[in-house]
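A.B. asks: If you scroll down you'll find the structure; I have some questions about it.
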Amino acid sequence: MAYFRSHVLVSIDPVCVEKGAYDLIRALQDELVKQGLIDEVEVLETSRIGNPVSEGPDLMVYPEDVHYTNLTVKDIPFLVEEQFLKGRVAEEFVHEAEADLDEEFSAPRSKEVRVVLKNIGEIDPLNIEDYIALDGYMALGKVLTEMTPEKTIQVILDSGLRGRGGAGFPTGLKWRFIRAAEGEPKYMICNADEGDPGAFANRRVLEGDPHSVIEGMIIGAYAAGSSQGYVYCRAEYPIAVQTLRIAIDQARSLGLLGENILGTDFSFDLEVRMGAGAFVCGEETALMASIEGKRGEPRPRPPFPAQKGLWQKPSNINNVETYANVPKIILNGAEWFASMGYEKSKGTKTFSMAGDVKNTGLIEVPFGITLREIIYDVGGGIKGDKAFKAVQTGGPMGGCLPEEYLDLPMDYEALGKAGSILGSGGLVVMDEDTCMVDIARFFMEFTQDESCGKCTPCRVGTRRILEILTRICEGKGRPDDIDTLRYLCEEINENSLCGLGKGAPNPVKSTLEHFLDEYDAHINEKRCPAKVCKALIRFEIIDGTCTGCTLCARNCPVQAISGERRQTHVIDPDICIKCGICEQLCPYDAIEII
Amino acid sequence: MPTVKSLDDLKKIREEALKKQQMKETSGKTEVIVGMGTVGIAAGARETLKAILDIIEEDNLDNIIVRQTGNIGLDSFEPIVQVVLPGKEKVSYGRVNSEMARKIIKQHVIGGEIVKEYQIVG
């Protein structure tokens with residue numbers, strides 16, 4: 001093998017090809033031959049280099065690791081002389097990587113109000129002193145020394161705090177039920193299963209501020225009369241589990257967990273239980289079965305967990321975010337908390353923002369904010385400035401809401417009325433290039449896979465829906481499919497045992513309601529309006545726009561494209577696998593999806 | 001730390017913790033804080049943290065406290081590194097790799113001049 005002292009990688013991505021990358025390669029090789037360097041310097045082709053905003057054509061010189069841009073053929077002799085003969089960097093062509101980062105690096109978050117996420121980013125989660133310095137465990141001190149359990153429950157009730165896991169049941173009421181229940185011991189459980197794909201708020205709280213959850217649980221245990229608690233967290237969250245364990249150990253060694261907390265006769269201890277990550281284990285009865293070491297399956301209610309829960313004893317389950325709100329409410333008062341929010345939804349809510357939105361990540365906003373404010377003001381708008389199409393709230397069991405609902409205030413009731421749920425606060429934003437039938441199929445695939453199989457409507461029904469949706473996406477939809485889907489959605493929703501089954505049809509139901517025209521196009525016209533479903537689209541090269549640059553033909557993985565250089569190329573539809581590589585590569589936008 | 005037997009004990013611990021923090025602020029030490037939640041680590045925060053520690057060791061820098069925190073929610077900007085010079089406002093940097101970390105330490109932590117091109121503007 002020949003030994004080269006230097007390699008020049010020239011980008012042949014469409015932008016650079018348009019700017020003459022191939023001419024540059026030829027000029028480089030000619031110049032290297034002329035200078036007698038062709039055996040020392042190798043010229044290679046590569047894909048896009050670095051920042052896509054560069055002027056192009058781009059090239060990299062190794063091992064010097066220099067990125068040149070904006071070169072023309074007449075610059076080549078100078079570049080070769082400087083770089084390879086004299087061994088100097090030709091500064092005038094070096095690409096300035098940092099120059100165009102400024103605008104991209106702004107993250108306006110002015111509409112956020114941080115209660116649960118307040119400490120995150122400020123404190124070291126592995127150091128309990130950081131938390132105590134910011135008034136950590138002061139709420140516990142206040143409760144144990146100044147308040148009766150009844151008074152504590154009343155404050156939480158007055159604050160209007162509702163379950164952040166999705167159902168929105170008033171937390172104070174839950175605590176009152178377990179306090180009144182007969183039987184000892186009583187268990188305090190924290191649901192940290194967070195199974196929704198695209199939700200990550202709970203993990204963030206456990207990793208960034210674990211003590212706020214622990215303190216909330218101890219306060220809850222005091223109010224409920226509980227002596228033992230469990231945090232049920234999925235094994236897919238190893239850092240959260242580890243952080244939480246360290247935090248629990250620290251709290252215990254300080255005497256904030258264990259016997260006679262703060263010198264009172266109240267005792268409470270806490271353990272972490274790991275789940276194997278089944279989606280259904282976020283449902284409270286399935287979760288308790290899993291803690292007991294049984295198969296994670298839900299059971300009918302009543303009896304409710306407050307009467308017969310874990311090991312048939314009175315139990316209370318709240319979500320991570322619910323518990324994390326508790327210390328703040330005790331310290332700042334119920335009125336403070338109730339002053340934030342909207343109608344029956346008080347306080348703030350975290351949302352995990354994902355999908356086609358510019359600033360993905362975790363946000364915390366007061367209830368009552370509109371979807372438009374969340375997506376455009378906090379989220380920065382749609383990626384690539386495309387048009388908004390739909391937003392799915394509340395994870396895989398939520399509905400997809402179209403543009404008319406953008407001014408909907410975020411709260412439990414308003415979302416429920418619109419046919420969606422608040423859920424755990426997942427927000428998946430979809431742009432105009434999303435096929436709503438395909439999205440419904442995608443979510444159904446998830447719920448069908450996660451159905452535990454205990455009850456028939458969910459086990460069989462979700463499978464039937466998935467089959468029909470798959471059929472529609474493959475262009476084999478039948479005219480009566482829509483009625484069948486509607487019927488199945490109703491039946492599954494009414495007859496399933498737990499929330500997973502009841503919520504599973506939501507994506508299908510909501511897309512049927514708001515995007516019926518897309519179903520219609522798939523079934524009756526065999527057409528996918530968003531041009532996503534592969535069976536219903538084909539790729540064609542536009543005659544006259546194609547310059548015959550051969551870029552597509554050379555990159556087609558199945559050699560479906562043929563044509564002479566400088567002549568219009570043709571795609572053979574029988575060979576084409578519709579991977580879309582040619583469309584992405586074509587520098588002249590000569591490839592059309594039909 | 002002694003165990004907490006009463007609310008007063010807890011308050012004492014809080015006072016001490018606050019005192020420690022104030023001492024940090026008045027000691028003239030610079031804090032470098034790396035977001036080490038799952039998102040940060042997935043984006044390369046371990047390499048960034050290691051690079052920062054290496055630079056400090058190589059150049060024998062004292063007066064710098066390196067600590068971790070959770071991820072603040074700006075996920076597309078991870079790994080995030082925050083720098084607090086004594087008596088100054090916190091400055092957050094986004095998508096910090098090892099090289100950028102080096103530049104931040106040299107220019108901002110030692111030189112006192114904010115590396116504008118990496119800064120996340122709120």
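We label chains A, B, ... in the order they appear in the structure tokens, count residues from 1 in each chain, and number ligands from 1 in the order shown.
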Give the alpha helix (DSSP H) residues of stretch 156-220 of chain A, as DSSP finds them on the backbone, and put them as a JSON list (two decimals) with N, CA and C atoms, in the first residue's frame.

C.D. replies:
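Result file is part.json:
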[["chain", "number", "residue", "atom", "x", "y", "z"],
["A", 156, "ILE", "N", -52.62, 20.78, 51.63],
["A", 156, "ILE", "CA", -52.44, 20.21, 50.29],
["A", 156, "ILE", "C", -53.75, 20.29, 49.51],
["A", 157, "LEU", "N", -54.87, 20.02, 50.20],
["A", 157, "LEU", "CA", -56.19, 20.13, 49.56],
["A", 157, "LEU", "C", -56.44, 21.56, 49.09],
["A", 158, "ASP", "N", -56.18, 22.53, 49.99],
["A", 158, "ASP", "CA", -56.42, 23.94, 49.66],
["A", 158, "ASP", "C", -55.55, 24.42, 48.50],
["A", 159, "SER", "N", -54.36, 23.85, 48.39],
["A", 159, "SER", "CA", -53.46, 24.29, 47.33],
["A", 159, "SER", "C", -53.99, 23.89, 45.96],
["A", 171, "THR", "N", -54.53, 15.38, 45.27],
["A", 171, "THR", "CA", -53.58, 14.67, 46.13],
["A", 171, "THR", "C", -54.03, 14.65, 47.59],
["A", 172, "GLY", "N", -54.55, 15.79, 48.06],
["A", 172, "GLY", "CA", -55.00, 15.86, 49.44],
["A", 172, "GLY", "C", -56.10, 14.86, 49.75],
["A", 173, "LEU", "N", -56.98, 14.67, 48.77],
["A", 173, "LEU", "CA", -58.10, 13.73, 48.95],
["A", 173, "LEU", "C", -57.58, 12.30, 49.06],
["A", 174, "LYS", "N", -56.60, 11.98, 48.22],
["A", 174, "LYS", "CA", -55.98, 10.66, 48.26],
["A", 174, "LYS", "C", -55.40, 10.40, 49.65],
["A", 175, "TRP", "N", -54.73, 11.42, 50.18],
["A", 175, "TRP", "CA", -54.09, 11.28, 51.49],
["A", 175, "TRP", "C", -55.15, 11.11, 52.58],
["A", 176, "ARG", "N", -56.27, 11.83, 52.41],
["A", 176, "ARG", "CA", -57.34, 11.71, 53.41],
["A", 176, "ARG", "C", -57.91, 10.29, 53.42],
["A", 177, "PHE", "N", -58.07, 9.71, 52.22],
["A", 177, "PHE", "CA", -58.60, 8.34, 52.12],
["A", 177, "PHE", "C", -57.70, 7.34, 52.84],
["A", 178, "ILE", "N", -56.40, 7.44, 52.61],
["A", 178, "ILE", "CA", -55.51, 6.45, 53.22],
["A", 178, "ILE", "C", -55.42, 6.67, 54.73],
["A", 179, "ARG", "N", -55.47, 7.93, 55.15],
["A", 179, "ARG", "CA", -55.44, 8.21, 56.59],
["A", 179, "ARG", "C", -56.64, 7.54, 57.27],
["A", 180, "ALA", "N", -57.81, 7.61, 56.59],
["A", 180, "ALA", "CA", -59.04, 7.08, 57.18],
["A", 180, "ALA", "C", -59.12, 5.55, 57.08],
["A", 201, "ALA", "N", -39.50, 13.87, 32.42],
["A", 201, "ALA", "CA", -39.52, 14.85, 33.50],
["A", 201, "ALA", "C", -39.15, 14.20, 34.83],
["A", 202, "ASN", "N", -39.70, 13.03, 35.11],
["A", 202, "ASN", "CA", -39.45, 12.39, 36.39],
["A", 202, "ASN", "C", -37.99, 12.03, 36.57],
["A", 203, "ARG", "N", -37.41, 11.53, 35.47],
["A", 203, "ARG", "CA", -36.00, 11.17, 35.54],
["A", 203, "ARG", "C", -35.18, 12.40, 35.89],
["A", 204, "ARG", "N", -35.53, 13.54, 35.26],
["A", 204, "ARG", "CA", -34.79, 14.76, 35.47],
["A", 204, "ARG", "C", -34.86, 15.21, 36.93],
["A", 205, "VAL", "N", -36.03, 15.06, 37.54],
["A", 205, "VAL", "CA", -36.19, 15.48, 38.93],
["A", 205, "VAL", "C", -35.38, 14.54, 39.84],
["A", 206, "LEU", "N", -35.49, 13.24, 39.60],
["A", 206, "LEU", "CA", -34.75, 12.28, 40.44],
["A", 206, "LEU", "C", -33.25, 12.46, 40.31],
["A", 207, "GLU", "N", -32.81, 12.79, 39.10],
["A", 207, "GLU", "CA", -31.36, 12.96, 38.90],
["A", 207, "GLU", "C", -30.86, 14.29, 39.41],
["A", 208, "GLY", "N", -31.70, 15.32, 39.35],
["A", 208, "GLY", "CA", -31.23, 16.66, 39.66],
["A", 208, "GLY", "C", -31.57, 17.14, 41.05],
["A", 210, "PRO", "N", -33.14, 14.89, 43.97],
["A", 210, "PRO", "CA", -33.83, 13.73, 44.55],
["A", 210, "PRO", "C", -34.43, 14.02, 45.92],
["A", 211, "HIS", "N", -33.80, 14.93, 46.68],
["A", 211, "HIS", "CA", -34.27, 15.16, 48.04],
["A", 211, "HIS", "C", -35.67, 15.80, 48.07],
["A", 212, "SER", "N", -36.02, 16.54, 47.03],
["A", 212, "SER", "CA", -37.35, 17.15, 47.03],
["A", 212, "SER", "C", -38.42, 16.06, 46.99],
["A", 213, "VAL", "N", -38.14, 14.96, 46.28],
["A", 213, "VAL", "CA", -39.10, 13.85, 46.22],
["A", 213, "VAL", "C", -39.13, 13.12, 47.56],
["A", 214, "ILE", "N", -37.94, 12.89, 48.13],
["A", 214, "ILE", "CA", -37.87, 12.19, 49.41],
["A", 214, "ILE", "C", -38.61, 12.99, 50.48],
["A", 215, "GLU", "N", -38.37, 14.32, 50.51],
["A", 215, "GLU", "CA", -39.03, 15.16, 51.51],
["A", 215, "GLU", "C", -40.54, 15.14, 51.33],
["A", 216, "GLY", "N", -40.97, 15.23, 50.07],
["A", 216, "GLY", "CA", -42.41, 15.17, 49.78],
["A", 216, "GLY", "C", -43.02, 13.87, 50.26],
["A", 217, "MET", "N", -42.28, 12.78, 50.09],
["A", 217, "MET", "CA", -42.80, 11.47, 50.53],
["A", 217, "MET", "C", -42.88, 11.39, 52.05],
["A", 218, "ILE", "N", -41.87, 11.94, 52.75],
["A", 218, "ILE", "CA", -41.89, 11.87, 54.21],
["A", 218, "ILE", "C", -43.08, 12.68, 54.74],
["A", 219, "ILE", "N", -43.30, 13.86, 54.14],
["A", 219, "ILE", "CA", -44.43, 14.68, 54.56],
["A", 219, "ILE", "C", -45.75, 13.94, 54.31],
["A", 220, "GLY", "N", -45.84, 13.32, 53.13],
["A", 220, "GLY", "CA", -47.03, 12.54, 52.80],
["A", 220, "GLY", "C", -47.25, 11.40, 53.78]]

A.B. asks: Applying 8 Å and only C-alpha atoms, which residues near stretch 76-90 of chain B remain after dropping the ones on its own chain fewer than 6 positions away? List them as a PDB file with N, CA and C atoms, in the first residue's frame.

C.D. replies:
ATOM      1  N   PHE A 105     -27.725  29.720  19.370  1.00  0.00           N
ATOM      2  CA  PHE A 105     -27.487  29.488  20.782  1.00  0.00           C
ATOM      3  C   PHE A 105     -28.383  30.300  21.700  1.00  0.00           C
ATOM      4  N   ASN A 359     -36.543  23.969  20.063  1.00  0.00           N
ATOM      5  CA  ASN A 359     -35.865  23.715  21.333  1.00  0.00           C
ATOM      6  C   ASN A 359     -36.499  22.518  22.029  1.00  0.00           C
ATOM      7  N   THR A 360     -35.939  21.357  21.818  1.00  0.00           N
ATOM      8  CA  THR A 360     -36.467  20.204  22.536  1.00  0.00           C
ATOM      9  C   THR A 360     -35.929  20.239  23.961  1.00  0.00           C
ATOM     10  N   GLY A 361     -36.584  19.505  24.856  1.00  0.00           N
ATOM     11  CA  GLY A 361     -36.104  19.472  26.234  1.00  0.00           C
ATOM     12  C   GLY A 361     -37.250  19.585  27.215  1.00  0.00           C
TER      13      GLY A 361
ATOM     14  N   GLU B  25     -18.096  31.687  48.032  1.00  0.00           N
ATOM     15  CA  GLU B  25     -18.247  32.916  47.250  1.00  0.00           C
ATOM     16  C   GLU B  25     -17.164  33.939  47.571  1.00  0.00           C
ATOM     17  N   THR B  26     -16.782  34.007  48.845  1.00  0.00           N
ATOM     18  CA  THR B  26     -15.812  35.037  49.215  1.00  0.00           C
ATOM     19  C   THR B  26     -14.375  34.533  49.149  1.00  0.00           C
ATOM     20  N   SER B  27     -14.210  33.229  48.903  1.00  0.00           N
ATOM     21  CA  SER B  27     -12.860  32.674  48.901  1.00  0.00           C
ATOM     22  C   SER B  27     -12.127  33.009  47.612  1.00  0.00           C
ATOM     23  N   GLY B  28     -12.847  33.614  46.652  1.00  0.00           N
ATOM     24  CA  GLY B  28     -12.204  33.954  45.387  1.00  0.00           C
ATOM     25  C   GLY B  28     -12.068  32.768  44.460  1.00  0.00           C
ATOM     26  N   LYS B  29     -12.767  31.669  44.792  1.00  0.00           N
ATOM     27  CA  LYS B  29     -12.662  30.503  43.917  1.00  0.00           C
ATOM     28  C   LYS B  29     -13.724  30.558  42.827  1.00  0.00           C
ATOM     29  N   THR B  30     -13.373  30.016  41.680  1.00  0.00           N
ATOM     30  CA  THR B  30     -14.314  29.976  40.562  1.00  0.00           C
ATOM     31  C   THR B  30     -14.986  28.607  40.547  1.00  0.00           C
ATOM     32  N   GLU B  31     -16.306  28.613  40.321  1.00  0.00           N
ATOM     33  CA  GLU B  31     -17.014  27.346  40.233  1.00  0.00           C
ATOM     34  C   GLU B  31     -17.240  26.969  38.778  1.00  0.00           C
ATOM     35  N   VAL B  32     -16.944  25.712  38.459  1.00  0.00           N
ATOM     36  CA  VAL B  32     -17.252  25.186  37.132  1.00  0.00           C
ATOM     37  C   VAL B  32     -18.220  24.033  37.343  1.00  0.00           C
ATOM     38  N   ILE B  33     -19.434  24.161  36.788  1.00  0.00           N
ATOM     39  CA  ILE B  33     -20.492  23.202  37.086  1.00  0.00           C
ATOM     40  C   ILE B  33     -20.887  22.474  35.802  1.00  0.00           C
ATOM     41  N   VAL B  34     -20.832  21.137  35.862  1.00  0.00           N
ATOM     42  CA  VAL B  34     -21.152  20.342  34.673  1.00  0.00           C
ATOM     43  C   VAL B  34     -22.471  19.608  34.902  1.00  0.00           C
ATOM     44  N   GLY B  35     -23.392  19.703  33.960  1.00  0.00           N
ATOM     45  CA  GLY B  35     -24.666  18.989  34.039  1.00  0.00           C
ATOM     46  C   GLY B  35     -24.459  17.519  33.741  1.00  0.00           C
ATOM     47  N   VAL B  39     -29.140  12.957  30.041  1.00  0.00           N
ATOM     48  CA  VAL B  39     -29.028  13.666  28.764  1.00  0.00           C
ATOM     49  C   VAL B  39     -27.618  14.211  28.569  1.00  0.00           C
ATOM     50  N   GLY B  40     -27.094  14.828  29.639  1.00  0.00           N
ATOM     51  CA  GLY B  40     -25.757  15.389  29.558  1.00  0.00           C
ATOM     52  C   GLY B  40     -24.737  14.312  29.253  1.00  0.00           C
ATOM     53  N   ILE B  41     -24.819  13.202  29.972  1.00  0.00           N
ATOM     54  CA  ILE B  41     -23.863  12.114  29.786  1.00  0.00           C
ATOM     55  C   ILE B  41     -23.977  11.547  28.371  1.00  0.00           C
ATOM     56  N   ALA B  43     -24.812  13.105  25.812  1.00  0.00           N
ATOM     57  CA  ALA B  43     -24.274  14.070  24.856  1.00  0.00           C
ATOM     58  C   ALA B  43     -22.757  14.224  25.007  1.00  0.00           C
ATOM     59  N   GLY B  44     -22.167  13.543  26.010  1.00  0.00           N
ATOM     60  CA  GLY B  44     -20.712  13.580  26.136  1.00  0.00           C
ATOM     61  C   GLY B  44     -20.184  14.335  27.343  1.00  0.00           C
ATOM     62  N   ALA B  45     -21.029  14.519  28.379  1.00  0.00           N
ATOM     63  CA  ALA B  45     -20.609  15.308  29.544  1.00  0.00           C
ATOM     64  C   ALA B  45     -19.440  14.660  30.298  1.00  0.00           C
ATOM     65  N   THR B  48     -16.333  15.797  28.675  1.00  0.00           N
ATOM     66  CA  THR B  48     -16.140  17.216  28.970  1.00  0.00           C
ATOM     67  C   THR B  48     -15.607  17.399  30.391  1.00  0.00           C
ATOM     68  N   VAL B  96     -20.623  21.755  24.926  1.00  0.00           N
ATOM     69  CA  VAL B  96     -19.216  21.909  25.245  1.00  0.00           C
ATOM     70  C   VAL B  96     -18.480  20.580  25.069  1.00  0.00           C
ATOM     71  N   ASN B  97     -17.574  20.506  24.120  1.00  0.00           N
ATOM     72  CA  ASN B  97     -16.730  19.320  23.986  1.00  0.00           C
ATOM     73  C   ASN B  97     -15.392  19.604  24.666  1.00  0.00           C
ATOM     74  N   VAL B 109     -12.275  31.224  32.718  1.00  0.00           N
ATOM     75  CA  VAL B 109     -11.964  30.939  34.112  1.00  0.00           C
ATOM     76  C   VAL B 109     -10.653  31.604  34.528  1.00  0.00           C
ATOM     77  N   GLY B 112     -10.885  35.563  32.545  1.00  0.00           N
ATOM     78  CA  GLY B 112     -11.991  36.413  32.960  1.00  0.00           C
ATOM     79  C   GLY B 112     -12.831  36.966  31.823  1.00  0.00           C
TER      80      GLY B 112
END

A.B. asks: Within 8 Å of A:Tyr187, counting only C-alpha atoms, which residues show up once you throw out same-chain ones fewer than 4 positions away? Write them as a list in words, please.

C.D. replies: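 My list of contacting residues is Ala221, Ser226, Ser227, Gln228, Gly229, Tyr230, Leu310, Lys313, Pro314, Ser315 and Asn316 of chain A.
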
A.B. asks: Residues of chain B within 7 Å of chain A: nearest atom pair and distance (Å, one decimal) for each, counting only C-alpha atoms, sorted by chain and number, as a tab-separated table?

C.D. replies:
residue	atom	partner	partner_atom	distance
B:Pro2	CA	A:Leu254	CA	6.6
B:Thr3	CA	A:Leu254	CA	4.4
B:Val4	CA	A:Gly255	CA	5.5
B:Lys5	CA	A:Leu262	CA	4.5
B:Ser6	CA	A:Leu262	CA	4.1
B:Leu7	CA	A:Gly141	CA	5.5
B:Arg14	CA	A:Ala133	CA	4.9
B:Ala17	CA	A:Ala133	CA	5.3
B:Leu18	CA	A:Ala133	CA	5.3
B:Gly35	CA	A:Gly121	CA	7.0
B:Gly37	CA	A:Glu207	CA	6.0
B:Thr38	CA	A:Ile239	CA	6.7
B:Arg67	CA	A:Asp124	CA	7.0
B:Gln68	CA	A:Asp124	CA	5.6
B:Thr69	CA	A:Asp124	CA	4.7
B:Gly70	CA	A:Gly208	CA	3.8
B:Asn71	CA	A:Gly121	CA	6.2
B:Ile72	CA	A:Gly121	CA	5.3
B:Gly73	CA	A:Leu362	CA	4.2
B:Leu74	CA	A:Gly361	CA	5.3
B:Asp75	CA	A:Gly361	CA	4.6
B:Ser76	CA	A:Thr360	CA	6.0
B:Glu117	CA	A:Asp102	CA	6.0
B:Gln119	CA	A:Phe105	CA	7.0
B:Ile120	CA	A:Phe105	CA	5.1
B:Val121	CA	A:Ser106	CA	4.5
B:Gly122	CA	A:Pro108	CA	5.2

A.B. asks: Those residues you just picked out, can you put them in a file as a compact mmCIF listing (two decimals), in the first residue's frame with C-alpha atoms?

C.D. replies:
# COMPACT_ATOMS: atom_id res chain seq x y z
CA PRO B 2 -24.19 14.50 63.41
CA THR B 3 -27.71 13.15 63.20
CA VAL B 4 -30.55 15.61 63.33
CA LYS B 5 -32.58 15.21 66.51
CA SER B 6 -34.72 18.31 66.26
CA LEU B 7 -35.72 21.15 63.99
CA ARG B 14 -28.65 24.80 57.16
CA ALA B 17 -24.25 24.81 54.72
CA LEU B 18 -25.05 28.44 53.95
CA GLY B 35 -24.67 18.99 34.04
CA GLY B 37 -27.84 13.83 34.15
CA THR B 38 -28.63 11.15 31.58
CA ARG B 67 -18.97 20.13 40.73
CA GLN B 68 -21.90 18.43 39.08
CA THR B 69 -25.57 19.17 38.85
CA GLY B 70 -28.66 17.83 37.06
CA ASN B 71 -29.78 18.68 33.54
CA ILE B 72 -31.70 21.94 33.43
CA GLY B 73 -33.96 21.14 30.48
CA LEU B 74 -32.15 22.71 27.53
CA ASP B 75 -31.50 19.27 26.10
CA SER B 76 -30.47 20.30 22.62
CA GLU B 117 -19.53 32.14 20.78
CA GLN B 119 -22.57 31.06 25.47
CA ILE B 120 -26.26 30.20 25.71
CA VAL B 121 -28.17 33.46 25.61
CA GLY B 122 -31.24 33.27 27.84

A.B. asks: Hey, what does DSSP flag as strand (DSSP E) within stretch 186-428 of chain A? Can you give it to me as a ChimeraX atom specification?

C.D. replies: /A:187-192,228-234,269-275,315-319,341-342,345-346,348-355,361-366,388-393,400-402,426-428

A.B. asks: Between atom CA of A:Gly379 and atom CA of B:Ile104, what distance in Å does the model show, to one decimal?

C.D. replies: 27.5 Å
